[in-house]
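Trainee: My structure file target.cif, mmCIF, C-alpha atoms, is below:
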data_data
#
loop_
_atom_site.group_PDB
_atom_site.id
_atom_site.type_symbol
_atom_site.label_atom_id
_atom_site.label_comp_id
_atom_site.auth_asym_id
_atom_site.auth_seq_id
_atom_site.Cartn_x
_atom_site.Cartn_y
_atom_site.Cartn_z
ATOM 1 C CA MET A 1 11.696 -51.572 -78.751
ATOM 2 C CA LYS A 2 8.666 -53.790 -79.370
ATOM 3 C CA ASP A 3 5.106 -52.498 -79.289
ATOM 4 C CA ILE A 4 3.924 -55.586 -77.367
ATOM 5 C CA CYS A 5 5.877 -58.192 -75.415
ATOM 6 C CA CYS A 6 3.843 -61.160 -74.194
ATOM 7 C CA ILE A 7 5.459 -63.069 -71.323
ATOM 8 C CA GLY A 8 4.164 -66.467 -70.315
ATOM 9 C CA HIS A 9 4.811 -70.190 -70.223
ATOM 10 C CA LEU A 10 3.967 -72.437 -73.130
ATOM 11 C CA THR A 11 2.018 -75.454 -71.933
ATOM 12 C CA ARG A 12 1.446 -79.024 -72.923
ATOM 13 C CA ASP A 13 -2.355 -79.291 -73.100
ATOM 14 C CA LYS A 14 -4.783 -82.192 -73.091
ATOM 15 C CA ILE A 15 -8.152 -80.782 -74.197
ATOM 16 C CA ILE A 16 -11.197 -82.990 -73.603
ATOM 17 C CA THR A 17 -14.539 -82.020 -75.148
ATOM 18 C CA PRO A 18 -17.728 -84.052 -75.611
ATOM 19 C CA GLN A 19 -16.653 -84.624 -79.220
ATOM 20 C CA LYS A 20 -12.967 -85.558 -78.896
ATOM 21 C CA THR A 21 -9.666 -85.355 -77.019
ATOM 22 C CA VAL A 22 -6.820 -83.275 -78.471
ATOM 23 C CA TYR A 23 -3.175 -82.984 -77.380
ATOM 24 C CA MET A 24 -1.444 -79.720 -78.268
ATOM 25 C CA ALA A 25 0.633 -76.811 -77.004
ATOM 26 C CA GLY A 26 -1.218 -74.029 -75.240
ATOM 27 C CA GLY A 27 -1.133 -71.246 -72.686
ATOM 28 C CA THR A 28 -1.827 -67.529 -73.005
ATOM 29 C CA SER A 29 1.518 -66.962 -74.701
ATOM 30 C CA PHE A 30 0.757 -69.653 -77.303
ATOM 31 C CA TYR A 31 -2.675 -68.307 -78.261
ATOM 32 C CA PHE A 32 -1.518 -64.697 -78.151
ATOM 33 C CA ALA A 33 1.603 -65.238 -80.272
ATOM 34 C CA TYR A 34 -0.055 -67.317 -82.987
ATOM 35 C CA GLY A 35 -3.056 -64.997 -83.034
ATOM 36 C CA ILE A 36 -1.100 -61.795 -83.514
ATOM 37 C CA ASN A 37 1.103 -63.551 -86.069
ATOM 38 C CA GLN A 38 -1.981 -63.949 -88.310
ATOM 39 C CA LEU A 39 -2.634 -60.205 -88.342
ATOM 40 C CA PRO A 40 -0.960 -57.566 -90.538
ATOM 41 C CA ASP A 41 2.475 -56.548 -89.308
ATOM 42 C CA GLU A 42 1.345 -53.181 -87.946
ATOM 43 C CA VAL A 43 2.415 -53.985 -84.373
ATOM 44 C CA SER A 44 5.886 -55.265 -83.485
ATOM 45 C CA PHE A 45 5.805 -58.264 -81.156
ATOM 46 C CA GLU A 46 8.036 -60.494 -79.066
ATOM 47 C CA LEU A 47 7.147 -63.597 -77.075
ATOM 48 C CA VAL A 48 9.113 -64.435 -73.939
ATOM 49 C CA THR A 49 8.538 -67.941 -72.614
ATOM 50 C CA LYS A 50 10.064 -70.667 -70.486
ATOM 51 C CA VAL A 51 9.816 -74.404 -71.177
ATOM 52 C CA GLY A 52 11.374 -77.739 -70.326
ATOM 53 C CA ASP A 53 13.189 -79.852 -72.885
ATOM 54 C CA ASP A 54 9.876 -81.361 -73.978
ATOM 55 C CA GLY A 55 8.640 -77.915 -75.061
ATOM 56 C CA MET A 56 11.521 -76.914 -77.335
ATOM 57 C CA ASP A 57 9.910 -78.418 -80.439
ATOM 58 C CA ASP A 58 6.936 -76.096 -79.914
ATOM 59 C CA VAL A 59 9.287 -73.120 -79.605
ATOM 60 C CA GLU A 60 11.052 -74.036 -82.843
ATOM 61 C CA ARG A 61 7.716 -74.408 -84.643
ATOM 62 C CA MET A 62 6.786 -70.910 -83.534
ATOM 63 C CA ARG A 63 10.074 -69.512 -84.799
ATOM 64 C CA ARG A 64 9.590 -71.240 -88.141
ATOM 65 C CA ALA A 65 6.152 -69.613 -88.319
ATOM 66 C CA GLY A 66 7.852 -66.220 -88.071
ATOM 67 C CA ILE A 67 7.223 -65.479 -84.386
ATOM 68 C CA ASP A 68 10.000 -63.676 -82.485
ATOM 69 C CA VAL A 69 10.549 -65.944 -79.452
ATOM 70 C CA ARG A 70 12.945 -65.501 -76.553
ATOM 71 C CA CYS A 71 13.002 -68.738 -74.531
ATOM 72 C CA PHE A 72 14.477 -69.551 -71.115
ATOM 73 C CA PRO A 73 15.016 -73.088 -69.775
ATOM 74 C CA SER A 74 12.790 -74.633 -67.106
ATOM 75 C CA THR A 75 12.950 -77.887 -65.183
ATOM 76 C CA HIS A 76 9.529 -78.815 -66.612
ATOM 77 C CA SER A 77 6.943 -77.399 -68.983
ATOM 78 C CA VAL A 78 3.460 -76.665 -67.651
ATOM 79 C CA TYR A 79 1.102 -79.558 -68.414
ATOM 80 C CA PHE A 80 -2.644 -78.817 -68.249
ATOM 81 C CA GLU A 81 -5.657 -81.046 -68.695
ATOM 82 C CA ASN A 82 -8.724 -78.982 -69.721
ATOM 83 C CA ARG A 83 -12.088 -80.756 -69.655
ATOM 84 C CA TYR A 84 -15.178 -79.083 -71.152
ATOM 85 C CA GLY A 85 -18.834 -80.042 -70.813
ATOM 86 C CA GLU A 86 -21.663 -79.261 -73.208
ATOM 87 C CA ASP A 87 -21.385 -75.592 -72.177
ATOM 88 C CA PRO A 88 -18.021 -74.382 -73.554
ATOM 89 C CA ASN A 89 -17.821 -71.757 -70.787
ATOM 90 C CA ASP A 90 -17.577 -74.529 -68.162
ATOM 91 C CA ARG A 91 -14.093 -75.952 -67.727
ATOM 92 C CA THR A 92 -12.361 -78.123 -65.125
ATOM 93 C CA GLN A 93 -8.588 -78.356 -64.993
ATOM 94 C CA ARG A 94 -5.790 -80.506 -63.674
ATOM 95 C CA VAL A 95 -2.121 -79.505 -63.604
ATOM 96 C CA LEU A 96 0.133 -82.474 -64.281
ATOM 97 C CA ALA A 97 3.429 -80.500 -64.198
ATOM 98 C CA LYS A 98 4.587 -76.967 -63.342
ATOM 99 C CA ALA A 99 7.284 -74.749 -64.868
ATOM 100 C CA ASP A 100 9.766 -72.553 -63.008
ATOM 101 C CA PRO A 101 8.664 -68.948 -62.327
ATOM 102 C CA PHE A 102 10.051 -66.042 -64.347
ATOM 103 C CA THR A 103 12.866 -64.134 -62.632
ATOM 104 C CA LEU A 104 13.930 -60.502 -62.646
ATOM 105 C CA ASP A 105 17.328 -61.452 -64.025
ATOM 106 C CA GLU A 106 15.690 -63.097 -67.065
ATOM 107 C CA LEU A 107 13.437 -60.141 -67.846
ATOM 108 C CA LYS A 108 15.627 -57.160 -66.960
ATOM 109 C CA ASP A 109 16.766 -56.511 -70.542
ATOM 110 C CA LEU A 110 13.303 -56.521 -72.156
ATOM 111 C CA GLU A 111 12.189 -53.367 -73.951
ATOM 112 C CA ALA A 112 8.527 -52.874 -74.893
ATOM 113 C CA ARG A 113 5.816 -50.242 -74.806
ATOM 114 C CA LEU A 114 3.407 -52.780 -73.309
ATOM 115 C CA PHE A 115 4.013 -56.028 -71.430
ATOM 116 C CA HIS A 116 1.158 -58.555 -71.507
ATOM 117 C CA LEU A 117 1.538 -61.050 -68.674
ATOM 118 C CA GLY A 118 0.032 -64.392 -69.605
ATOM 119 C CA THR A 119 -0.110 -65.836 -66.108
ATOM 120 C CA LEU A 120 -1.097 -69.500 -65.829
ATOM 121 C CA LEU A 121 -0.443 -70.190 -62.137
ATOM 122 C CA ALA A 122 -0.258 -67.898 -59.137
ATOM 123 C CA ASP A 123 3.516 -68.035 -58.712
ATOM 124 C CA ASP A 124 4.521 -67.433 -62.361
ATOM 125 C CA PHE A 125 5.453 -63.788 -61.703
ATOM 126 C CA PRO A 126 6.745 -62.563 -58.325
ATOM 127 C CA PRO A 127 5.341 -59.079 -57.539
ATOM 128 C CA SER A 128 8.843 -57.588 -57.677
ATOM 129 C CA VAL A 129 9.128 -58.645 -61.335
ATOM 130 C CA ILE A 130 5.861 -56.921 -62.225
ATOM 131 C CA GLU A 131 6.896 -53.804 -60.332
ATOM 132 C CA TYR A 132 10.106 -53.684 -62.348
ATOM 133 C CA LEU A 133 8.372 -54.178 -65.703
ATOM 134 C CA ALA A 134 5.961 -51.353 -64.816
ATOM 135 C CA THR A 135 8.925 -48.961 -64.745
ATOM 136 C CA LYS A 136 9.688 -49.847 -68.381
ATOM 137 C CA GLY A 137 6.285 -50.000 -70.073
ATOM 138 C CA ARG A 138 2.539 -50.331 -69.634
ATOM 139 C CA ILE A 139 1.230 -53.513 -67.974
ATOM 140 C CA SER A 140 -1.575 -55.703 -69.313
ATOM 141 C CA ILE A 141 -2.667 -58.708 -67.258
ATOM 142 C CA ASP A 142 -4.925 -61.689 -67.841
ATOM 143 C CA ALA A 143 -6.016 -62.405 -64.285
ATOM 144 C CA GLN A 144 -6.784 -66.118 -64.647
ATOM 145 C CA GLY A 145 -3.460 -67.523 -63.511
ATOM 146 C CA PHE A 146 -3.223 -65.374 -60.403
ATOM 147 C CA LEU A 147 -6.411 -67.083 -59.190
ATOM 148 C CA ARG A 148 -5.239 -70.671 -59.679
ATOM 149 C CA GLU A 149 -3.822 -72.612 -56.783
ATOM 150 C CA VAL A 150 -2.626 -76.162 -57.418
ATOM 151 C CA ARG A 151 -3.163 -78.778 -54.704
ATOM 152 C CA GLY A 152 -1.957 -82.144 -55.898
ATOM 153 C CA GLU A 153 -3.114 -82.090 -59.510
ATOM 154 C CA GLN A 154 -6.336 -80.170 -58.900
ATOM 155 C CA VAL A 155 -6.746 -76.470 -59.645
ATOM 156 C CA TYR A 156 -8.700 -74.376 -57.144
ATOM 157 C CA ALA A 157 -9.980 -70.841 -57.503
ATOM 158 C CA VAL A 158 -8.420 -68.632 -54.826
ATOM 159 C CA ASP A 159 -8.237 -64.918 -54.209
ATOM 160 C CA TRP A 160 -5.302 -63.012 -55.657
ATOM 161 C CA ALA A 161 -2.842 -62.693 -52.789
ATOM 162 C CA ASP A 162 -1.036 -59.548 -54.017
ATOM 163 C CA LYS A 163 -3.893 -58.009 -56.002
ATOM 164 C CA ARG A 164 -3.841 -54.525 -54.470
ATOM 165 C CA ARG A 165 -0.065 -54.306 -54.899
ATOM 166 C CA ILE A 166 -0.219 -55.370 -58.553
ATOM 167 C CA LEU A 167 -3.493 -53.823 -59.747
ATOM 168 C CA GLN A 168 -2.293 -50.317 -58.959
ATOM 169 C CA LEU A 169 0.400 -50.915 -61.593
ATOM 170 C CA THR A 170 -1.980 -52.406 -64.167
ATOM 171 C CA ASP A 171 -3.040 -50.443 -67.237
ATOM 172 C CA ILE A 172 -5.287 -53.132 -68.782
ATOM 173 C CA LEU A 173 -6.853 -56.047 -66.902
ATOM 174 C CA ASN A 174 -8.866 -58.876 -68.482
ATOM 175 C CA VAL A 175 -11.221 -60.898 -66.247
ATOM 176 C CA ASN A 176 -14.160 -63.183 -66.967
ATOM 177 C CA GLU A 177 -17.403 -63.479 -64.986
ATOM 178 C CA LYS A 178 -15.997 -66.059 -62.562
ATOM 179 C CA GLU A 179 -12.638 -64.360 -62.016
ATOM 180 C CA MET A 180 -14.236 -60.974 -61.337
ATOM 181 C CA GLU A 181 -16.208 -62.410 -58.395
ATOM 182 C CA VAL A 182 -13.155 -64.109 -56.888
ATOM 183 C CA ILE A 183 -11.137 -60.870 -57.055
ATOM 184 C CA THR A 184 -13.761 -58.388 -55.876
ATOM 185 C CA GLY A 185 -16.484 -60.402 -54.146
ATOM 186 C CA LEU A 186 -18.987 -58.640 -56.414
ATOM 187 C CA SER A 187 -21.255 -60.240 -59.019
ATOM 188 C CA GLU A 188 -22.485 -57.281 -61.093
ATOM 189 C CA PRO A 189 -19.994 -56.492 -63.883
ATOM 190 C CA ARG A 190 -20.386 -52.716 -63.614
ATOM 191 C CA ASP A 191 -19.763 -52.806 -59.872
ATOM 192 C CA VAL A 192 -16.738 -55.022 -60.483
ATOM 193 C CA ALA A 193 -15.317 -52.628 -63.071
ATOM 194 C CA ARG A 194 -15.718 -49.624 -60.785
ATOM 195 C CA ARG A 195 -14.065 -51.459 -57.887
ATOM 196 C CA LEU A 196 -11.089 -52.530 -60.028
ATOM 197 C CA ALA A 197 -10.721 -48.961 -61.300
ATOM 198 C CA GLN A 198 -10.705 -47.736 -57.691
ATOM 199 C CA TRP A 199 -7.836 -50.142 -57.074
ATOM 200 C CA GLY A 200 -5.851 -48.541 -59.892
ATOM 201 C CA VAL A 201 -6.653 -50.361 -63.154
ATOM 202 C CA ARG A 202 -6.872 -47.904 -66.081
ATOM 203 C CA GLU A 203 -8.851 -50.127 -68.515
ATOM 204 C CA VAL A 204 -10.995 -52.941 -67.094
ATOM 205 C CA VAL A 205 -12.075 -55.580 -69.632
ATOM 206 C CA VAL A 206 -14.763 -57.994 -68.402
ATOM 207 C CA THR A 207 -15.494 -60.832 -70.837
ATOM 208 C CA LEU A 208 -18.897 -62.458 -70.394
ATOM 209 C CA GLY A 209 -18.871 -65.378 -72.849
ATOM 210 C CA ASN A 210 -21.783 -65.297 -75.264
ATOM 211 C CA GLU A 211 -23.086 -62.205 -73.433
ATOM 212 C CA GLY A 212 -20.269 -60.135 -74.926
ATOM 213 C CA SER A 213 -17.898 -57.947 -72.928
ATOM 214 C CA LEU A 214 -17.857 -54.783 -70.873
ATOM 215 C CA ILE A 215 -14.957 -52.320 -70.868
ATOM 216 C CA TYR A 216 -14.579 -49.526 -68.331
ATOM 217 C CA ALA A 217 -12.111 -46.655 -68.714
ATOM 218 C CA ASP A 218 -12.077 -42.964 -67.836
ATOM 219 C CA ASP A 219 -15.382 -43.283 -65.937
ATOM 220 C CA ARG A 220 -17.174 -44.589 -69.032
ATOM 221 C CA PHE A 221 -18.637 -48.013 -69.835
ATOM 222 C CA HIS A 222 -18.353 -49.573 -73.298
ATOM 223 C CA GLU A 223 -20.706 -52.489 -74.005
ATOM 224 C CA ILE A 224 -19.369 -54.888 -76.662
ATOM 225 C CA PRO A 225 -21.894 -57.534 -77.838
ATOM 226 C CA ALA A 226 -20.715 -60.994 -78.877
ATOM 227 C CA TYR A 227 -20.893 -62.019 -82.537
ATOM 228 C CA GLN A 228 -22.716 -65.227 -83.430
ATOM 229 C CA PRO A 229 -20.184 -67.981 -84.265
ATOM 230 C CA SER A 230 -20.688 -70.267 -87.257
ATOM 231 C CA ALA A 231 -19.845 -73.183 -84.951
ATOM 232 C CA VAL A 232 -18.599 -73.749 -81.402
ATOM 233 C CA VAL A 233 -15.744 -76.236 -81.642
ATOM 234 C CA ASP A 234 -13.218 -75.266 -78.952
ATOM 235 C CA ALA A 235 -13.354 -72.373 -76.465
ATOM 236 C CA THR A 236 -9.811 -72.940 -75.179
ATOM 237 C CA GLY A 237 -7.821 -69.735 -75.677
ATOM 238 C CA CYS A 238 -10.815 -67.496 -76.393
ATOM 239 C CA GLY A 239 -9.974 -65.079 -73.592
ATOM 240 C CA ASP A 240 -6.392 -64.922 -74.829
ATOM 241 C CA THR A 241 -7.613 -64.334 -78.382
ATOM 242 C CA TYR A 242 -9.774 -61.462 -77.150
ATOM 243 C CA SER A 243 -6.734 -59.898 -75.450
ATOM 244 C CA THR A 244 -4.727 -60.339 -78.645
ATOM 245 C CA GLY A 245 -7.232 -58.492 -80.809
ATOM 246 C CA TYR A 246 -7.860 -55.803 -78.215
ATOM 247 C CA LEU A 247 -4.205 -55.004 -77.564
ATOM 248 C CA TYR A 248 -3.350 -55.184 -81.278
ATOM 249 C CA CYS A 249 -5.905 -52.440 -81.930
ATOM 250 C CA ARG A 250 -5.077 -50.332 -78.886
ATOM 251 C CA ALA A 251 -1.369 -50.424 -79.783
ATOM 252 C CA GLN A 252 -2.297 -48.699 -83.045
ATOM 253 C CA GLY A 253 -4.277 -45.991 -81.285
ATOM 254 C CA MET A 254 -7.773 -47.337 -82.072
ATOM 255 C CA ASP A 255 -10.515 -46.367 -79.628
ATOM 256 C CA ILE A 256 -11.943 -48.755 -77.055
ATOM 257 C CA ASP A 257 -15.175 -49.520 -78.918
ATOM 258 C CA GLU A 258 -13.401 -50.404 -82.169
ATOM 259 C CA ALA A 259 -10.804 -52.478 -80.329
ATOM 260 C CA GLY A 260 -13.532 -54.328 -78.392
ATOM 261 C CA ARG A 261 -15.567 -55.137 -81.494
ATOM 262 C CA PHE A 262 -12.446 -56.326 -83.324
ATOM 263 C CA ALA A 263 -11.484 -58.547 -80.375
ATOM 264 C CA ALA A 264 -15.007 -59.998 -80.165
ATOM 265 C CA ALA A 265 -15.040 -60.831 -83.881
ATOM 266 C CA MET A 266 -11.600 -62.430 -83.622
ATOM 267 C CA CYS A 267 -12.931 -64.647 -80.808
ATOM 268 C CA THR A 268 -15.923 -65.633 -82.909
ATOM 269 C CA SER A 269 -13.611 -66.820 -85.673
ATOM 270 C CA LYS A 270 -11.405 -68.749 -83.241
ATOM 271 C CA LEU A 271 -14.391 -70.517 -81.605
ATOM 272 C CA ALA A 272 -15.110 -72.398 -84.828
ATOM 273 C CA HIS A 273 -11.712 -74.157 -84.762
ATOM 274 C CA SER A 274 -9.451 -76.054 -82.389
ATOM 275 C CA GLY A 275 -6.157 -74.373 -81.670
ATOM 276 C CA PRO A 276 -5.219 -70.707 -81.912
ATOM 277 C CA PHE A 277 -6.786 -68.127 -84.209
ATOM 278 C CA SER A 278 -5.880 -69.131 -87.760
ATOM 279 C CA GLY A 279 -7.992 -66.717 -89.792
ATOM 280 C CA SER A 280 -7.214 -63.323 -91.247
ATOM 281 C CA ILE A 281 -8.037 -59.695 -90.662
ATOM 282 C CA ALA A 282 -10.330 -59.903 -93.702
ATOM 283 C CA GLU A 283 -12.331 -62.634 -91.935
ATOM 284 C CA ILE A 284 -12.536 -60.528 -88.775
ATOM 285 C CA ARG A 285 -13.787 -57.526 -90.750
ATOM 286 C CA GLN A 286 -16.328 -59.731 -92.523
ATOM 287 C CA ILE A 287 -17.747 -60.930 -89.191
ATOM 288 C CA MET A 288 -18.008 -57.313 -88.061
ATOM 289 C CA ARG A 289 -19.771 -56.299 -91.300
ATOM 290 C CA ARG A 290 -22.309 -59.143 -90.921
ATOM 291 C CA ASN A 291 -23.393 -57.485 -87.703
ATOM 292 C CA PRO A 292 -23.180 -53.758 -88.504
ATOM 293 C CA ASP A 293 -25.391 -52.722 -85.586
ATOM 294 C CA LEU A 294 -23.167 -54.351 -82.967
#
How does this structure look as structure tokens?
Mentor:
Amino acid sequence: MKDICCIGHLTRDKIITPQKTVYMAGGTSFYFAYGINQLPDEVSFELVTKVGDDGMDDVERMRRAGIDVRCFPSTHSVYFENRYGEDPNDRTQRVLAKADPFTLDELKDLEARLFHLGTLLADDFPPSVIEYLATKGRISIDAQGFLREVRGEQVYAVDWADKRRILQLTDILNVNEKEMEVITGLSEPRDVARRLAQWGVREVVVTLGNEGSLIYADDRFHEIPAYQPSAVVDATGCGDTYSTGYLYCRAQGMDIDEAGRFAAAMCTSKLAHSGPFSGSIAEIRQIMRRNPDL
């Protein structure tokens, strides 16, 4: 049995920033898997993904890097275009191709203590699949994909159709400042966290960009400041990197504050580079030591 199983599509990404345009693989599962692969082997991990023929080279590269990957076939791979402005927190997206959803038959044999669902589009995971996984392990969700509806090639923010059904099964939920408003209709992070907890979420993680993050669990708030990055090169995958660091720590029994600070420092390292986190735990600890009061 694995400690963490991340389930999500690998994508083909076109990332446009004011400085340059980069073509690469992506998706929550991509950033999570490569990120955790850079950390000491204290947490056992498996990636479950689904790609078209054009994504198999990315899968093989991951396996050669030492990542345990279980891959199912899809008619197409997901193809995203991410365009950033001068503010790295502002992103517009187009979806140029979609992958097939995950099915219960594909996931029925998985064994893990925690399943992290890296949802990219609203129909990636039918509710019945999530309900089944919740009988086998804890559920962690990055909400972003459940709030994305594709019309033509454009991505629109929509409310989460089955949120009350799914959130009552969710142990850890990660939302950013835009997603939290779509889900709850509230704009104050503490109000959002309380509402999500009322709906059943055990640990609510609200990431607020360069304002840090707020975590709510057991009727207590934990404020996690952001660390100052050495450079801001590419924010793609930062939320996924935060989830990686946070779940890596929580899987080892670390408390919420330590896990939050570790996750924030891991994000700071990733911001300075394109692609997934490529640093080390020593670098993460160094960032944390540079800011001992945070």
Trainee: By how many Å are CA of Asp68 (chain A) and CA of Gly275 (chain A) apart?
Mentor: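 Between CA of Asp68 (chain A) and CA of Gly275 (chain A) the gap is 19.4 Å.
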Trainee: Starting from the PyMOL selection byres ((chain A and resi 133) around 12), expand the selection into actual residues of this file and give them as a PyMOL selection string.
Mentor: chain A and resi 5-7+103-117+125-132+134-140+166+169-170
Trainee: Let me know the residues the PyMOL selection byres ((chain A and resi 87) around 12) catches in the file above, as a compact mmCIF listing (two decimals) with C-alpha atoms, in the coordinates of the input.
Mentor:
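result.txt, freshly written:
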# COMPACT_ATOMS: atom_id res chain seq x y z
CA THR A 17 -14.54 -82.02 -75.15
CA PRO A 18 -17.73 -84.05 -75.61
CA ARG A 83 -12.09 -80.76 -69.66
CA TYR A 84 -15.18 -79.08 -71.15
CA GLY A 85 -18.83 -80.04 -70.81
CA GLU A 86 -21.66 -79.26 -73.21
CA PRO A 88 -18.02 -74.38 -73.55
CA ASN A 89 -17.82 -71.76 -70.79
CA ASP A 90 -17.58 -74.53 -68.16
CA ARG A 91 -14.09 -75.95 -67.73
CA THR A 92 -12.36 -78.12 -65.12
CA GLY A 209 -18.87 -65.38 -72.85
CA ASN A 210 -21.78 -65.30 -75.26
CA VAL A 232 -18.60 -73.75 -81.40
CA VAL A 233 -15.74 -76.24 -81.64
CA ASP A 234 -13.22 -75.27 -78.95
CA ALA A 235 -13.35 -72.37 -76.46
Trainee: For the file shown, report as a list in words the outcome of the PyMOL selection byres ((chain A and resi 231) around 10) at residue level.
Mentor: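 Applied to this file, the PyMOL selection byres ((chain A and resi 231) around 10) returns Gln228, Pro229, Ser230, Val232, Val233, Asp234, Thr268, Ser269, Lys270, Leu271, Ala272 and His273 of chain A.
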Trainee: Would you list the contacts of Glu153 (chain A) as JSON, numbers by chain, taking every protein, DNA or RNA residue within 12 Å and counting all atoms listed in the file, but skipping same-chain residues closer than 4 positions in sequence?
Mentor: {"A": [78, 79, 80, 81, 92, 93, 94, 95, 96, 97, 98, 148, 149]}
Trainee: Tell me, in Å to one decimal, how far CA of Cys238 (chain A) is from CA of Cys267 (chain A).
Mentor: 5.7 Å
Trainee: Can you tell me how far CA of Ser278 (chain A) sits from CA of Thr241 (chain A), in Å to one decimal?
Mentor: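 Spanning CA of Ser278 (chain A) to CA of Thr241 (chain A) is a straight-line distance of 10.7 Å.
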Trainee: Do you know which residues are at most 10 Å from Lys178 (chain A) counting all atoms listed in the file, after dropping those on the same chain fewer than 6 positions away, and could you put them as a VMD selection string?
Mentor: chain A and resid 144 157 187 207 to 208
Trainee: Can you find the residues with an atom no farther than 12 Å from (13.2, -65.5, -74.6), counting all atoms listed in the file, and report them as number ranges by chain?
Mentor: A: 5-10, 29, 46-51, 56, 59, 63, 67-74, 102, 106-110
Trainee: Neighbours of Leu147 (chain A) within 12 Å (only C-alpha atoms; same-chain residues fewer than 4 positions away dropped), as an MDAnalysis selection string?
Mentor: chainID A and resid 119:124 142:143 155:163 175:176 178:184
Trainee: Identify the residues within 12 Å of coordinate (-9.2, -51.3, -55.3) (same frame as the file), considering all atoms listed in the file, and give the answer as an NGL selection string.
Mentor: :A and (162-170 or 183-185 or 191-202)
Trainee: Return the single residue from A:Asp57, A:Ser243, A:Asp171, A:Arg190 that is closest to Ala33 (chain A), with distances computed using only C-alpha atoms.
Mentor: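 The closest residue to Ala33 (chain A) is A:Ser243.
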Trainee: Name the residues in contact with region 249-257 of chain A at a cut-off of 9 Å, using all atoms listed in the file, excluding same-chain residues fewer than 5 positions from it; report them as a PyMOL selection string.
Mentor: chain A and resi 3-4+42-43+113-114+215+217+222-224+244+262-263
